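This report concerns only the one structure given below.
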Amino acid sequence: MDPTFLARGLAIGFTVAAAVGPISLLTIRRTIAHGRWYGLVSGLGVAAADASYGAVAAFGLTAITAVLVGARTALALIGGAFLVWLAIRTIRARPAAAAAVTDERPGLAAAFLSIYGLTMTNPMTILSFGGIFAGLGLSGRAGLDAALLTLGVFLGSGLWWVVLTAVVGRLRERITPAVLLWINRVSGAVLLGFGLVAILAALGIG
């Protein structure tokens, strides 16, 4: 067992999580709308998905990789449709009092599972991890080394979400309802764009 695999996995997880995309935008928006802890739990859902894909790459599970890549069209359609649905909900959302927001928002378990599922619908993530691990000579490792890599990916990704939601959570107190309304509209429009692009790409259009 080589303990440096934990540090390597942590660095990879942090780097992959820090990439800007629809998941980052969704997590930021959830943090602003519902609070730091809600955003953090959402971020940990992303970290769990990253770790799942990291495990596939670390253990060299080529059969699972083949299945995921083979199903990429269906997964992209599902993920794109979900993004479009979230975008419409976000655009239509109206800022409310803190108590009302707390009552209306989904539970923490739903926040975790929904964003975990959304992240897992992108099979290209496994190719990213596979490429990174192969390039660094980390793929296809045995037992404990692969487990340390997987744990490192989760911790690295989780660390990014801790930092991001802490920063956004501090700024949240200064955001007025009028500003939040525009944040909903802009973030919703961007999510809608990501969703439509995913659907069109899956259908081979554009």
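The way I read the labels, and the way they are meant: chains A, B, ... in the order of the structure tokens, residue 1 as the first residue of every chain, and ligand 1 as the first ligand shown, with later ones counted on from there.
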
Task: Every residue of chain A that DSSP places in alpha helix (DSSP H), as number ranges by chain - done: A: 4-17, 22-34, 36-59, 62-70, 72-92, 98-104, 108-120, 124-135, 143-172, 177-202

Open item on the list: Would you pick out the contacts of Trp160 in chain A at 10 Å or less, using only C-alpha atoms, so that residues sharing its chain but fewer than 5 positions from it are not included, and give the list as a PyMOL selection string?
Closed with: chain A and resi 13-18+40+43-44+47+155+165-166

Open item on the list: Using Å and a single decimal, report how far CA of Leu6 in chain A sits from CA of Tyr38 in chain A.
Closed with: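 That distance, rounded to one decimal, is 27.2 Å.
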
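All residues of protein, DNA or RNA that reach within 7 Å of Ala189 in chain A, judged by only C-alpha atoms and not counting those fewer than 4 positions away in the chain, are Ala87, Arg185 and Gly193 of chain A.
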
Task: Counting only C-alpha atoms, the residue of A:Val20, A:Ser157, A:Gly204, A:Arg36 that sits nearest Glu173 in chain A - done: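 Closest residue, counting only C-alpha atoms: A:Arg36.
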
Would you mind listing, for every residue of range 9-83 of chain A within 7 Å of range 109-114 of chain A, the two atoms forming the shortest contact and the distance between them in Å to one decimal, using only C-alpha atoms, sorted by chain and ascending residue number, as JSON lines?
{"residue": "A:Val41", "atom": "CA", "partner": "A:Phe112", "partner_atom": "CA", "distance": 5.7}
{"residue": "A:Ser42", "atom": "CA", "partner": "A:Phe112", "partner_atom": "CA", "distance": 4.8}
{"residue": "A:Leu44", "atom": "CA", "partner": "A:Phe112", "partner_atom": "CA", "distance": 6.9}
{"residue": "A:Gly45", "atom": "CA", "partner": "A:Phe112", "partner_atom": "CA", "distance": 4.6}

Convert the current residue selection to file output with all heavy atoms, as a short mmCIF file (atom, residue, chain, number, x, y, z; two decimals), in the first residue's frame.
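part01.cif written:
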data_model
loop_
_atom_site.label_atom_id
_atom_site.label_comp_id
_atom_site.auth_asym_id
_atom_site.auth_seq_id
_atom_site.Cartn_x
_atom_site.Cartn_y
_atom_site.Cartn_z
N VAL A 41 -24.29 19.81 0.99
CA VAL A 41 -24.79 18.44 0.80
C VAL A 41 -24.91 18.14 -0.69
O VAL A 41 -24.60 17.03 -1.15
CB VAL A 41 -26.15 18.26 1.51
CG1 VAL A 41 -26.80 16.94 1.10
CG2 VAL A 41 -25.95 18.29 3.02
N SER A 42 -25.34 19.13 -1.46
CA SER A 42 -25.40 18.96 -2.92
C SER A 42 -24.00 18.70 -3.47
O SER A 42 -23.80 17.82 -4.31
CB SER A 42 -26.01 20.21 -3.58
OG SER A 42 -27.34 20.41 -3.16
N LEU A 44 -21.47 17.42 -1.92
CA LEU A 44 -21.02 16.09 -1.53
C LEU A 44 -21.64 15.02 -2.43
O LEU A 44 -21.05 13.95 -2.63
CB LEU A 44 -21.36 15.82 -0.06
CG LEU A 44 -20.58 16.67 0.95
CD1 LEU A 44 -21.02 16.35 2.37
CD2 LEU A 44 -19.07 16.45 0.79
N GLY A 45 -22.82 15.30 -2.98
CA GLY A 45 -23.41 14.39 -3.96
C GLY A 45 -22.55 14.32 -5.21
O GLY A 45 -22.35 13.24 -5.78
#

Open item on the list: Between CA of Phe129 in chain A and CA of Gly54 in chain A, what distance in Å does the model show, to one decimal?
Closed with: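 Value for the CA of Phe129 in chain A-CA of Gly54 in chain A distance: 6.0 Å.
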
TODO: Have a look at A:Ala201, A:Ala147, A:Leu25, A:Leu191 and name the one nearest to Phe82 in chain A; count only C-alpha atoms.
DONE: A:Leu191

Task: Neighbour list for Leu118 in chain A as a PyMOL selection string, cut-off 9 Å, only C-alpha atoms, skip fewer than 5 positions in-chain - done: chain A and resi 23+46+49+78-80+82-83+113

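Reported to one decimal place, the separation of CA of Trp161 in chain A from CA of Gly130 in chain A is 22.3 Å.
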
Task: Neighbour list for Ala202 in chain A as a ChimeraX atom specification, cut-off 8 Å, only C-alpha atoms, skip fewer than 2 positions in-chain - done: /A:72-74,76-77,198-200,204-205
